[in-house]
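**Student:** Next comes the structure file structure-v3.pdb, holding PDB, C-alpha atoms.
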ATOM      1  CA  MET A  38     117.107  52.204  76.836
ATOM      2  CA  ILE A  39     115.237  54.744  78.954
ATOM      3  CA  LEU A  40     114.475  58.308  77.869
ATOM      4  CA  VAL A  41     114.331  60.851  80.708
ATOM      5  CA  THR A  42     112.932  64.236  79.751
ATOM      6  CA  GLY A  43     113.878  67.106  82.047
ATOM      7  CA  ALA A  44     117.123  65.282  82.853
ATOM      8  CA  ALA A  45     118.899  68.514  83.835
ATOM      9  CA  GLY A  46     116.176  69.306  86.348
ATOM     10  CA  PHE A  47     116.015  68.475  90.034
ATOM     11  CA  ILE A  48     114.024  65.233  89.910
ATOM     12  CA  GLY A  49     115.200  64.348  86.402
ATOM     13  CA  TYR A  50     118.849  64.463  87.462
ATOM     14  CA  HIS A  51     118.288  62.206  90.462
ATOM     15  CA  VAL A  52     116.152  59.711  88.520
ATOM     16  CA  SER A  53     118.719  59.556  85.705
ATOM     17  CA  ARG A  54     121.534  58.991  88.183
ATOM     18  CA  LYS A  55     119.654  56.180  89.921
ATOM     19  CA  LEU A  56     118.954  54.443  86.612
ATOM     20  CA  LEU A  57     122.557  54.808  85.477
ATOM     21  CA  GLN A  58     123.885  53.485  88.781
ATOM     22  CA  ARG A  59     121.865  50.310  88.415
ATOM     23  CA  GLY A  60     123.156  49.783  84.873
ATOM     24  CA  ASP A  61     120.464  51.219  82.616
ATOM     25  CA  GLU A  62     121.266  53.106  79.429
ATOM     26  CA  VAL A  63     119.786  56.596  79.684
ATOM     27  CA  VAL A  64     119.225  59.351  77.157
ATOM     28  CA  GLY A  65     118.555  62.707  78.782
ATOM     29  CA  PHE A  66     116.461  65.361  77.050
ATOM     30  CA  ASP A  67     116.271  68.945  78.329
ATOM     31  CA  ASN A  68     116.223  72.497  76.967
ATOM     32  CA  VAL A  69     118.253  73.808  79.965
ATOM     33  CA  ASN A  70     116.214  77.010  80.041
ATOM     34  CA  ASP A  71     116.730  79.958  82.367
ATOM     35  CA  TYR A  72     113.595  79.596  84.541
ATOM     36  CA  TYR A  73     116.242  79.301  87.252
ATOM     37  CA  ASP A  74     120.043  79.424  87.172
ATOM     38  CA  PRO A  75     121.195  77.250  84.222
ATOM     39  CA  THR A  76     124.587  76.874  85.946
ATOM     40  CA  LEU A  77     122.971  74.514  88.436
ATOM     41  CA  LYS A  78     121.439  72.493  85.599
ATOM     42  CA  GLU A  79     124.776  72.285  83.791
ATOM     43  CA  ALA A  80     126.445  71.082  86.999
ATOM     44  CA  ARG A  81     123.911  68.268  87.295
ATOM     45  CA  LEU A  82     124.535  67.285  83.675
ATOM     46  CA  GLU A  83     128.274  67.149  84.233
ATOM     47  CA  LEU A  84     127.750  64.551  86.939
ATOM     48  CA  LEU A  85     125.555  62.491  84.635
ATOM     49  CA  ARG A  86     128.089  62.688  81.803
ATOM     50  CA  ALA A  87     130.534  60.823  84.026
ATOM     51  CA  PHE A  88     128.531  57.695  83.167
ATOM     52  CA  ARG A  89     129.420  56.117  79.822
ATOM     53  CA  SER A  90     125.847  54.924  79.364
ATOM     54  CA  PHE A  91     124.448  58.471  79.452
ATOM     55  CA  ARG A  92     123.766  60.547  76.366
ATOM     56  CA  PHE A  93     122.233  64.003  76.298
ATOM     57  CA  VAL A  94     120.097  65.892  73.785
ATOM     58  CA  ARG A  95     119.535  69.622  74.289
ATOM     59  CA  ALA A  96     116.054  70.348  72.977
ATOM     60  CA  ASP A  97     112.559  71.377  74.054
ATOM     61  CA  VAL A  98     109.655  68.950  74.412
ATOM     62  CA  SER A  99     107.387  71.543  72.780
ATOM     63  CA  ASP A 100     109.499  71.093  69.614
ATOM     64  CA  ARG A 101     107.632  68.266  67.872
ATOM     65  CA  SER A 102     110.380  67.500  65.382
ATOM     66  CA  ALA A 103     112.977  67.220  68.151
ATOM     67  CA  VAL A 104     110.808  64.776  70.103
ATOM     68  CA  ILE A 105     110.104  62.684  67.008
ATOM     69  CA  SER A 106     113.803  62.645  66.174
ATOM     70  CA  ILE A 107     114.913  61.375  69.583
ATOM     71  CA  PHE A 108     112.383  58.532  69.444
ATOM     72  CA  GLU A 109     113.363  57.581  65.902
ATOM     73  CA  GLN A 110     117.086  57.639  66.662
ATOM     74  CA  GLN A 111     117.189  56.189  70.178
ATOM     75  CA  LYS A 112     114.055  54.010  70.201
ATOM     76  CA  PRO A 113     113.493  54.176  73.967
ATOM     77  CA  ALA A 114     111.717  51.198  75.472
ATOM     78  CA  ARG A 115     110.515  53.240  78.443
ATOM     79  CA  VAL A 116     110.049  56.945  79.073
ATOM     80  CA  VAL A 117     110.192  58.994  82.275
ATOM     81  CA  HIS A 118     108.646  62.330  81.360
ATOM     82  CA  LEU A 119     109.665  64.977  83.897
ATOM     83  CA  ALA A 120     110.119  67.991  81.617
ATOM     84  CA  ALA A 121     107.577  70.667  82.489
ATOM     85  CA  GLN A 122     107.160  74.287  83.383
ATOM     86  CA  ALA A 123     107.041  74.135  87.167
ATOM     87  CA  GLY A 124     105.793  76.556  89.796
ATOM     88  CA  VAL A 125     102.323  77.634  90.867
ATOM     89  CA  ARG A 126     103.037  81.354  91.324
ATOM     90  CA  TYR A 127     104.910  81.696  88.033
ATOM     91  CA  SER A 128     101.784  80.455  86.233
ATOM     92  CA  LEU A 129      99.924  83.578  87.342
ATOM     93  CA  THR A 130     102.150  85.824  85.235
ATOM     94  CA  ASN A 131     103.471  83.496  82.507
ATOM     95  CA  PRO A 132     100.544  81.229  81.595
ATOM     96  CA  TYR A 133     101.591  80.531  78.011
ATOM     97  CA  ALA A 134     104.810  78.871  79.183
ATOM     98  CA  TYR A 135     102.653  76.192  80.825
ATOM     99  CA  ILE A 136     100.621  75.528  77.718
ATOM    100  CA  ALA A 137     103.723  75.220  75.547
ATOM    101  CA  SER A 138     105.621  72.891  77.865
ATOM    102  CA  ASN A 139     102.986  71.038  79.870
ATOM    103  CA  ILE A 140     100.302  70.628  77.197
ATOM    104  CA  ASP A 141     102.010  70.826  73.795
ATOM    105  CA  GLY A 142     105.124  69.106  75.126
ATOM    106  CA  PHE A 143     103.156  66.279  76.711
ATOM    107  CA  MET A 144     101.157  65.842  73.509
ATOM    108  CA  ASN A 145     104.406  65.398  71.573
ATOM    109  CA  VAL A 146     105.634  62.772  74.017
ATOM    110  CA  LEU A 147     102.330  60.871  73.912
ATOM    111  CA  GLU A 148     102.306  60.812  70.122
ATOM    112  CA  ALA A 149     105.895  59.608  70.019
ATOM    113  CA  CYS A 150     105.126  56.854  72.546
ATOM    114  CA  ARG A 151     102.110  55.821  70.468
ATOM    115  CA  HIS A 152     104.031  55.498  67.222
ATOM    116  CA  HIS A 153     107.102  53.792  68.682
ATOM    117  CA  GLY A 154     105.528  51.134  70.862
ATOM    118  CA  THR A 155     106.754  52.485  74.209
ATOM    119  CA  GLU A 156     106.459  49.817  76.907
ATOM    120  CA  HIS A 157     105.711  52.270  79.716
ATOM    121  CA  LEU A 158     105.350  56.025  80.063
ATOM    122  CA  VAL A 159     105.827  57.360  83.594
ATOM    123  CA  TYR A 160     105.123  61.071  83.921
ATOM    124  CA  ALA A 161     105.146  63.742  86.615
ATOM    125  CA  SER A 162     101.806  64.903  87.880
ATOM    126  CA  SER A 163     101.494  66.947  91.070
ATOM    127  CA  SER A 164      99.727  67.177  94.409
ATOM    128  CA  SER A 165      98.420  70.523  93.117
ATOM    129  CA  VAL A 166      95.766  68.629  91.123
ATOM    130  CA  TYR A 167      93.791  68.257  94.360
ATOM    131  CA  GLY A 168      93.092  71.990  94.208
ATOM    132  CA  GLY A 169      90.030  72.887  96.245
ATOM    133  CA  ASN A 170      89.724  69.452  97.877
ATOM    134  CA  THR A 171      89.593  69.680 101.661
ATOM    135  CA  LYS A 172      89.215  66.011 102.639
ATOM    136  CA  GLN A 173      92.652  64.809 103.702
ATOM    137  CA  PRO A 174      94.799  62.889 103.280
ATOM    138  CA  PHE A 175      94.398  63.324  99.544
ATOM    139  CA  SER A 176      93.529  60.062  97.802
ATOM    140  CA  GLU A 177      93.902  59.123  94.137
ATOM    141  CA  HIS A 178      90.397  57.719  94.349
ATOM    142  CA  ASP A 179      88.906  61.201  94.948
ATOM    143  CA  ASN A 180      87.551  63.589  92.334
ATOM    144  CA  ILE A 181      89.942  66.389  91.286
ATOM    145  CA  ASP A 182      87.687  68.693  89.283
ATOM    146  CA  HIS A 183      88.537  71.981  91.015
ATOM    147  CA  PRO A 184      92.137  73.102  90.312
ATOM    148  CA  VAL A 185      93.139  76.490  91.741
ATOM    149  CA  SER A 186      96.079  77.303  89.447
ATOM    150  CA  LEU A 187      96.844  76.932  85.754
ATOM    151  CA  TYR A 188      99.814  74.752  86.690
ATOM    152  CA  ALA A 189      97.449  72.344  88.450
ATOM    153  CA  ALA A 190      95.055  72.414  85.501
ATOM    154  CA  THR A 191      97.836  71.422  83.093
ATOM    155  CA  LYS A 192      98.823  68.522  85.341
ATOM    156  CA  LYS A 193      95.251  67.266  85.499
ATOM    157  CA  ALA A 194      95.092  67.657  81.717
ATOM    158  CA  ASN A 195      98.176  65.438  81.440
ATOM    159  CA  GLU A 196      96.412  62.705  83.386
ATOM    160  CA  LEU A 197      93.358  62.954  81.115
ATOM    161  CA  MET A 198      95.491  62.933  77.971
ATOM    162  CA  ALA A 199      97.459  59.920  79.204
ATOM    163  CA  HIS A 200      94.245  58.032  79.895
ATOM    164  CA  THR A 201      92.971  58.781  76.408
ATOM    165  CA  TYR A 202      96.129  57.349  74.841
ATOM    166  CA  ALA A 203      96.038  54.329  77.135
ATOM    167  CA  HIS A 204      92.462  53.685  75.981
ATOM    168  CA  LEU A 205      92.784  54.463  72.269
ATOM    169  CA  PHE A 206      96.309  53.236  71.561
ATOM    170  CA  SER A 207      97.199  50.988  74.537
ATOM    171  CA  VAL A 208     100.063  53.239  75.662
ATOM    172  CA  PRO A 209     100.702  52.036  79.254
ATOM    173  CA  SER A 210     101.048  55.108  81.442
ATOM    174  CA  THR A 211     101.470  55.950  85.111
ATOM    175  CA  GLY A 212     101.090  59.434  86.544
ATOM    176  CA  LEU A 213     102.888  60.265  89.775
ATOM    177  CA  ARG A 214     101.513  63.034  91.971
ATOM    178  CA  PHE A 215     104.589  64.434  93.719
ATOM    179  CA  PHE A 216     104.167  66.155  97.076
ATOM    180  CA  THR A 217     106.577  69.067  97.805
ATOM    181  CA  VAL A 218     109.882  67.476  96.820
ATOM    182  CA  TYR A 219     113.080  68.734  98.496
ATOM    183  CA  GLY A 220     116.716  67.750  98.922
ATOM    184  CA  PRO A 221     120.232  68.208  97.473
ATOM    185  CA  TRP A 222     120.415  69.727  93.982
ATOM    186  CA  GLY A 223     116.922  71.139  94.504
ATOM    187  CA  ARG A 224     115.258  73.986  92.636
ATOM    188  CA  PRO A 225     116.221  77.505  93.796
ATOM    189  CA  ASP A 226     112.609  78.701  93.443
ATOM    190  CA  MET A 227     111.351  76.285  96.101
ATOM    191  CA  ALA A 228     110.898  77.072  99.793
ATOM    192  CA  LEU A 229     113.824  75.174 101.339
ATOM    193  CA  PHE A 230     116.326  76.651  98.897
ATOM    194  CA  LYS A 231     114.986  80.193  99.269
ATOM    195  CA  PHE A 232     114.806  79.937 103.061
ATOM    196  CA  THR A 233     118.398  78.676 103.288
ATOM    197  CA  ARG A 234     119.765  81.386 101.019
ATOM    198  CA  GLY A 235     117.874  84.112 102.851
ATOM    199  CA  MET A 236     118.753  82.927 106.340
ATOM    200  CA  LEU A 237     122.468  82.666 105.568
ATOM    201  CA  ALA A 238     122.351  86.190 104.108
ATOM    202  CA  GLY A 239     120.568  87.529 107.185
ATOM    203  CA  GLU A 240     117.535  88.503 105.125
ATOM    204  CA  PRO A 241     113.861  88.106 106.071
ATOM    205  CA  ILE A 242     112.224  85.029 104.556
ATOM    206  CA  PRO A 243     108.619  85.241 103.263
ATOM    207  CA  VAL A 244     106.212  82.999 105.164
ATOM    208  CA  PHE A 245     102.864  82.788 103.407
ATOM    209  CA  ASN A 246      99.466  82.509 105.084
ATOM    210  CA  ASN A 247     101.202  83.791 108.225
ATOM    211  CA  GLY A 248     102.828  80.391 108.662
ATOM    212  CA  ASN A 249      99.541  78.491 108.783
ATOM    213  CA  MET A 250     100.661  76.049 106.115
ATOM    214  CA  VAL A 251     101.037  72.268 106.198
ATOM    215  CA  ARG A 252     103.039  70.358 103.602
ATOM    216  CA  ASP A 253     103.824  66.711 102.983
ATOM    217  CA  PHE A 254     107.514  67.444 102.340
ATOM    218  CA  THR A 255     109.006  64.472 100.467
ATOM    219  CA  TYR A 256     112.743  63.819 100.292
ATOM    220  CA  ILE A 257     114.179  63.372  96.805
ATOM    221  CA  ASP A 258     115.589  59.866  97.400
ATOM    222  CA  ASP A 259     112.115  58.645  98.325
ATOM    223  CA  ILE A 260     110.673  60.207  95.184
ATOM    224  CA  VAL A 261     113.314  58.511  93.045
ATOM    225  CA  GLU A 262     112.775  55.114  94.646
ATOM    226  CA  GLY A 263     109.064  55.409  93.924
ATOM    227  CA  VAL A 264     109.619  56.489  90.321
ATOM    228  CA  VAL A 265     111.995  53.622  89.551
ATOM    229  CA  ARG A 266     109.825  50.978  91.191
ATOM    230  CA  VAL A 267     106.783  52.207  89.275
ATOM    231  CA  LEU A 268     108.761  52.352  86.024
ATOM    232  CA  ASP A 269     109.573  48.649  86.370
ATOM    233  CA  ARG A 270     105.879  47.746  86.724
ATOM    234  CA  PRO A 271     103.804  48.870  83.726
ATOM    235  CA  PRO A 272     100.114  49.196  84.607
ATOM    236  CA  GLN A 273      97.585  46.590  83.602
ATOM    237  CA  ALA A 274      93.926  47.092  82.773
ATOM    238  CA  ASP A 275      91.784  46.805  85.896
ATOM    239  CA  SER A 276      89.486  43.851  85.247
ATOM    240  CA  HIS A 277      87.326  44.874  88.211
ATOM    241  CA  TRP A 278      86.773  48.456  87.052
ATOM    242  CA  ASP A 279      83.093  49.293  87.513
ATOM    243  CA  VAL A 280      81.466  51.724  85.103
ATOM    244  CA  GLN A 281      78.709  52.348  87.670
ATOM    245  CA  HIS A 282      81.274  53.330  90.307
ATOM    246  CA  PRO A 283      84.228  54.736  88.337
ATOM    247  CA  ASP A 284      87.541  54.920  90.177
ATOM    248  CA  PRO A 285      89.680  57.903  89.018
ATOM    249  CA  ALA A 286      92.881  56.087  90.033
ATOM    250  CA  THR A 287      92.499  53.074  87.736
ATOM    251  CA  SER A 288      90.866  52.176  84.435
ATOM    252  CA  TRP A 289      89.802  49.490  82.007
ATOM    253  CA  ALA A 290      92.858  50.754  80.092
ATOM    254  CA  PRO A 291      96.538  50.275  81.110
ATOM    255  CA  TYR A 292      96.568  53.432  83.227
ATOM    256  CA  ARG A 293      97.287  54.320  86.864
ATOM    257  CA  VAL A 294      97.960  57.356  89.031
ATOM    258  CA  PHE A 295      99.752  57.306  92.390
ATOM    259  CA  ASN A 296     100.554  59.774  95.141
ATOM    260  CA  ILE A 297     104.179  59.967  96.242
ATOM    261  CA  GLY A 298     104.320  61.877  99.511
ATOM    262  CA  ASN A 299     106.031  61.454 102.830
ATOM    263  CA  ASN A 300     102.737  60.588 104.514
ATOM    264  CA  GLY A 301     103.875  62.742 107.444
ATOM    265  CA  PRO A 302     102.709  66.336 106.952
ATOM    266  CA  VAL A 303     104.696  69.070 108.698
ATOM    267  CA  GLN A 304     103.747  72.575 109.789
ATOM    268  CA  LEU A 305     105.701  75.164 107.814
ATOM    269  CA  LEU A 306     106.975  76.809 110.996
ATOM    270  CA  ASP A 307     108.275  73.425 112.236
ATOM    271  CA  PHE A 308     110.016  72.987 108.881
ATOM    272  CA  ILE A 309     111.702  76.368 109.340
ATOM    273  CA  ALA A 310     112.661  75.460 112.918
ATOM    274  CA  ALA A 311     114.423  72.313 111.670
ATOM    275  CA  LEU A 312     116.303  74.410 109.132
ATOM    276  CA  GLU A 313     117.331  76.836 111.880
ATOM    277  CA  ARG A 314     118.791  73.948 113.884
ATOM    278  CA  HIS A 315     120.891  72.629 111.017
ATOM    279  CA  LEU A 316     122.052  76.028 109.790
ATOM    280  CA  GLY A 317     122.682  77.380 113.271
ATOM    281  CA  VAL A 318     120.888  80.568 112.227
ATOM    282  CA  LYS A 319     117.726  82.171 113.562
ATOM    283  CA  ALA A 320     115.280  83.013 110.786
ATOM    284  CA  LYS A 321     113.804  86.478 110.362
ATOM    285  CA  LEU A 322     110.199  85.772 109.398
ATOM    286  CA  GLU A 323     108.239  88.064 107.107
ATOM    287  CA  MET A 324     104.631  87.011 107.596
ATOM    288  CA  MET A 325     102.561  87.352 104.425
ATOM    289  CA  PRO A 326      99.006  86.505 103.312
ATOM    290  CA  MET A 327      98.051  83.429 101.308
ATOM    291  CA  GLN A 328      99.084  83.700  97.684
ATOM    292  CA  PRO A 329      96.632  83.157  94.804
ATOM    293  CA  GLY A 330      96.727  79.599  93.496
ATOM    294  CA  ASP A 331      98.190  78.208  96.738
ATOM    295  CA  VAL A 332      96.508  75.858  99.226
ATOM    296  CA  PRO A 333      96.938  75.776 103.021
ATOM    297  CA  SER A 334      97.529  72.059 103.408
ATOM    298  CA  THR A 335      98.652  68.962 101.501
ATOM    299  CA  MET A 336      98.688  65.431 102.911
ATOM    300  CA  ALA A 337      99.212  62.274 100.867
ATOM    301  CA  ASP A 338      97.528  58.908 101.174
ATOM    302  CA  VAL A 339     100.242  56.582  99.809
ATOM    303  CA  SER A 340      98.545  53.257 100.503
ATOM    304  CA  ALA A 341      97.983  52.591  96.789
ATOM    305  CA  LEU A 342     101.676  53.090  96.000
ATOM    306  CA  GLU A 343     102.693  50.800  98.853
ATOM    307  CA  GLU A 344     100.281  48.101  97.711
ATOM    308  CA  ALA A 345     101.429  48.320  94.081
ATOM    309  CA  VAL A 346     105.228  48.477  94.483
ATOM    310  CA  GLY A 347     105.919  47.714  98.160
ATOM    311  CA  PHE A 348     107.315  51.121  99.008
ATOM    312  CA  ARG A 349     106.351  54.206 100.984
ATOM    313  CA  PRO A 350     108.529  57.282 101.599
ATOM    314  CA  LYS A 351     110.261  57.228 104.982
ATOM    315  CA  THR A 352     112.921  59.955 105.229
ATOM    316  CA  THR A 353     112.232  62.297 108.147
ATOM    317  CA  ILE A 354     112.312  66.080 107.813
ATOM    318  CA  ASP A 355     115.293  66.255 110.167
ATOM    319  CA  GLU A 356     117.298  63.769 108.073
ATOM    320  CA  GLY A 357     116.341  65.388 104.788
ATOM    321  CA  ILE A 358     117.101  68.947 105.826
ATOM    322  CA  ALA A 359     120.451  67.885 107.304
ATOM    323  CA  ARG A 360     121.468  66.352 103.965
ATOM    324  CA  PHE A 361     120.294  69.393 102.031
ATOM    325  CA  VAL A 362     122.222  71.804 104.269
ATOM    326  CA  GLU A 363     125.367  69.695 103.916
ATOM    327  CA  TRP A 364     125.027  69.771 100.111
ATOM    328  CA  TYR A 365     124.218  73.506 100.024
ATOM    329  CA  ARG A 366     127.278  74.460 102.091
ATOM    330  CA  SER A 367     129.507  72.299  99.898
ATOM    331  CA  TYR A 368     128.110  73.404  96.533
ATOM    332  CA  TYR A 369     128.042  77.128  97.345
ATOM    333  CA  ARG A 370     131.146  76.986  99.547
ATOM    334  CA  VAL A 371     129.577  78.703 102.521
ATOM    335  CA  SER A 372     130.438  78.029 106.144
TER     336      SER A 372
END
Translate the structure described by the file into structure tokens.
**Tutor:**
Amino acid sequence: MILVTGAAGFIGYHVSRKLLQRGDEVVGFDNVNDYYDPTLKEARLELLRAFRSFRFVRADVSDRSAVISIFEQQKPARVVHLAAQAGVRYSLTNPYAYIASNIDGFMNVLEACRHHGTEHLVYASSSSVYGGNTKQPFSEHDNIDHPVSLYAATKKANELMAHTYAHLFSVPSTGLRFFTVYGPWGRPDMALFKFTRGMLAGEPIPVFNNGNMVRDFTYIDDIVEGVVRVLDRPPQADSHWDVQHPDPATSWAPYRVFNIGNNGPVQLLDFIAALERHLGVKAKLEMMPMQPGDVPSTMADVSALEEAVGFRPKTTIDEGIARFVEWYRSYYRVS
């Protein structure tokens, strides 16, 4: 049995569905909060409930007793931990939400994995951990000591906490640094969703850093494929790990981190142009300065992921946006 935290969320829904489709038994865990429209989360859950092998627990990962209870009752062999407080900008005004969910919640999951012999913990990290790094593409082998948002700091903390538990208690863990995930059933607070809604309403869309932004937009199906392949391959201790030349991506403990990005960075204005083509609407751009906590460019080196599990993301921006627009028109019943 596989426990998926954040199962009502964007990535959690898609990962749960993929696991259920291949025949796994899945228990979803989510507090279904109102960070964005809970109706969308409930709609995702309804689709998952169509599978007989899916069960759902409505609770918060920051609730220690609830986490302990789900492990004691369901005894998951593997865990995909995707529950977290997301969003860089939101962390500027609501910092305590990130400590409760991303630090306290992750601590609860680690402790539960420790005491219940979990075979593999796969958890969501983020490309934001690269922070002030300017050498690109970003590599897991590079130092990440300069986060530029609290959200990024909590994600780096997760990686450090996971390594500690891999070392002290042999909890096999893999952190996945997601790069700008998009696609059907996406989060309404993310760029593609907000741009689509604004363009269809004839409203100006905010374009930060005056459009001088580059992102490694990664389609959701590619993210899911990477997550599932990694889940099936628990990390082993690196017998060649050199204490004189420490590699941040591996360890003497059963611990790994991987980038999952499209490995094909796109200019933000080109991304908007592709959306214009598929919506048949010309965007009204509201040029704005760079926002605190943001970075101008993200590019992923995914060679380590490809070497480990034989997969690299491949969906083009044009394909991904076309699928998102088709879903958006259907779900919101707009022409």
**Student:** For this structure, which residues satisfy the selection - the PyMOL selection byres ((chain A and resi 67-74) around 12) - when it is evaluated on the file as given? I want them as a ChimeraX atom specification.
**Tutor:** /A:40-47,49-50,64-66,75-82,92-100,103-104,107,118-124,127-128,131,134,138,142,222-227,230
**Student:** Excluding A:Asn300 and any residue of its chain fewer than 4 positions from it, enumerate the residues within 8 Å of it, using all atoms listed in the file, and give them as a PDB file with C-alpha atoms, keeping the file's coordinate frame.
**Tutor:**
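Result went into part_0.pdb, see below:
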ATOM      1  CA  ASP A 253     103.824  66.711 102.983  1.00  0.00           C
ATOM      2  CA  MET A 336      98.688  65.431 102.911  1.00  0.00           C
ATOM      3  CA  ALA A 337      99.212  62.274 100.867  1.00  0.00           C
ATOM      4  CA  ASP A 338      97.528  58.908 101.174  1.00  0.00           C
ATOM      5  CA  VAL A 339     100.242  56.582  99.809  1.00  0.00           C
ATOM      6  CA  PRO A 350     108.529  57.282 101.599  1.00  0.00           C
TER       7      PRO A 350
END
**Student:** As a check of understanding, name the residues that the PyMOL selection byres ((chain A and resi 306) around 10) selects in the supplied structure, as a ChimeraX atom specification.
**Tutor:** /A:244,247-251,303-305,307-312,322
**Student:** Check the smallest atom-to-atom distance from each of A:Gln173, A:Ser276, A:Thr217, A:Gln328 to A:Gly298 using only C-alpha atoms, then report the winner.
**Tutor:**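 Residue with the minimum atom-to-atom distance to A:Gly298: A:Thr217.
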**Student:** Closest to A:His153 among A:His277, A:Arg360, A:Lys112, A:Arg89, using all atoms listed in the file?
**Tutor:**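 Of A:His277, A:Arg360, A:Lys112, A:Arg89, the one nearest A:His153 is A:Lys112, counting all atoms listed in the file.
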**Student:** Of the candidates A:Ser334, A:Ser53, A:Ser372, A:Ser210, which one gets nearest to A:Arg151 if we count all atoms listed in the file?
**Tutor:**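 Closest to A:Arg151, using all atoms listed in the file: A:Ser210.
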**Student:** Got a sec to resolve the PyMOL selection byres ((chain A and resi 188-198) around 6) on this structure and send the residues as JSON, numbers by chain?
**Tutor:** {"A": [125, 162, 165, 166, 184, 186, 187, 199, 200, 201]}
**Student:** Just how far from atom CA of A:Val294 is atom CA of A:His178, in Å to one decimal?
**Tutor:** 9.3 Å
**Student:** To one decimal place, how far is atom CA of A:Gly235 from atom CA of A:Ala359 in Å?
**Tutor:**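 Distance reported for this atom pair: 17.0 Å.
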**Student:** Report, in Å to a single decimal, how far apart atom CA of A:Val362 and atom CA of A:Lys231 are.
**Tutor:** 12.2 Å
**Student:** Just need the box for stretch 241-249 of chain A, edges along x, y and z, holding every atom the file lists for it with 8 Å tacked onto each side, so centre and edge lengths in Å to one decimal, as JSON.
**Tutor:**
{"center_x": 106.7, "center_y": 83.3, "center_z": 106.0, "size_x": 30.4, "size_y": 25.6, "size_z": 21.5}
**Student:** If we draw a sphere of 12 Å around (105.4, 52.6, 100.8), which residues have at least one atom in it when counting all atoms listed in the file? Please report them as a ChimeraX atom specification.
**Tutor:** /A:259-260,262-264,266-267,295-300,337-352
**Student:** Export, as a PDB file, in the frame of the given file, the selected residues with C-alpha atoms.
**Tutor:**
ATOM      1  CA  ASP A 259     112.115  58.645  98.325  1.00  0.00           C
ATOM      2  CA  ILE A 260     110.673  60.207  95.184  1.00  0.00           C
ATOM      3  CA  GLU A 262     112.775  55.114  94.646  1.00  0.00           C
ATOM      4  CA  GLY A 263     109.064  55.409  93.924  1.00  0.00           C
ATOM      5  CA  VAL A 264     109.619  56.489  90.321  1.00  0.00           C
ATOM      6  CA  ARG A 266     109.825  50.978  91.191  1.00  0.00           C
ATOM      7  CA  VAL A 267     106.783  52.207  89.275  1.00  0.00           C
ATOM      8  CA  PHE A 295      99.752  57.306  92.390  1.00  0.00           C
ATOM      9  CA  ASN A 296     100.554  59.774  95.141  1.00  0.00           C
ATOM     10  CA  ILE A 297     104.179  59.967  96.242  1.00  0.00           C
ATOM     11  CA  GLY A 298     104.320  61.877  99.511  1.00  0.00           C
ATOM     12  CA  ASN A 299     106.031  61.454 102.830  1.00  0.00           C
ATOM     13  CA  ASN A 300     102.737  60.588 104.514  1.00  0.00           C
ATOM     14  CA  ALA A 337      99.212  62.274 100.867  1.00  0.00           C
ATOM     15  CA  ASP A 338      97.528  58.908 101.174  1.00  0.00           C
ATOM     16  CA  VAL A 339     100.242  56.582  99.809  1.00  0.00           C
ATOM     17  CA  SER A 340      98.545  53.257 100.503  1.00  0.00           C
ATOM     18  CA  ALA A 341      97.983  52.591  96.789  1.00  0.00           C
ATOM     19  CA  LEU A 342     101.676  53.090  96.000  1.00  0.00           C
ATOM     20  CA  GLU A 343     102.693  50.800  98.853  1.00  0.00           C
ATOM     21  CA  GLU A 344     100.281  48.101  97.711  1.00  0.00           C
ATOM     22  CA  ALA A 345     101.429  48.320  94.081  1.00  0.00           C
ATOM     23  CA  VAL A 346     105.228  48.477  94.483  1.00  0.00           C
ATOM     24  CA  GLY A 347     105.919  47.714  98.160  1.00  0.00           C
ATOM     25  CA  PHE A 348     107.315  51.121  99.008  1.00  0.00           C
ATOM     26  CA  ARG A 349     106.351  54.206 100.984  1.00  0.00           C
ATOM     27  CA  PRO A 350     108.529  57.282 101.599  1.00  0.00           C
ATOM     28  CA  LYS A 351     110.261  57.228 104.982  1.00  0.00           C
ATOM     29  CA  THR A 352     112.921  59.955 105.229  1.00  0.00           C
TER      30      THR A 352
END
**Student:** Neighbours of A:Thr155 within 9 Å (only C-alpha atoms; same-chain residues fewer than 6 positions away dropped), as a compact mmCIF listing (two decimals) with C-alpha atoms, in the frame of the given file?
**Tutor:**
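So the final result, stored in selection21.txt, reads:
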# COMPACT_ATOMS: atom_id res chain seq x y z
CA LYS A 112 114.06 54.01 70.20
CA PRO A 113 113.49 54.18 73.97
CA ALA A 114 111.72 51.20 75.47
CA ARG A 115 110.52 53.24 78.44
CA VAL A 116 110.05 56.94 79.07
CA ALA A 149 105.90 59.61 70.02
CA VAL A 208 100.06 53.24 75.66
CA PRO A 209 100.70 52.04 79.25
**Student:** Counting all atoms listed in the file, which residue out of A:Asp279, A:Asp258, A:Glu323, A:Glu363 sits closest to A:Glu240?
**Tutor:** A:Glu323
**Student:** For a quick check of understanding, using only C-alpha atoms, which of A:Glu177, A:Asp182, A:Glu83, A:Glu356 has the smallest distance to A:Tyr256?
**Tutor:**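 Between A:Glu177, A:Asp182, A:Glu83, A:Glu356, the residue approaching A:Tyr256 most closely is A:Glu356.
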**Student:** Quick one: residues within 7 Å of A:Val185, all atoms listed in the file, excluding same-chain residues fewer than 6 positions away - as a list in words?
**Tutor:**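 Counting only the stated atoms, we get Gly168, Gly169 and Gly330 of chain A.
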**Student:** Would you please work out which residue, of A:Tyr368, A:Ala161, A:Ser106, A:Ile354, is nearest to A:Arg314 when using all atoms listed in the file?
**Tutor:**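 The closest residue to A:Arg314 is A:Ile354.
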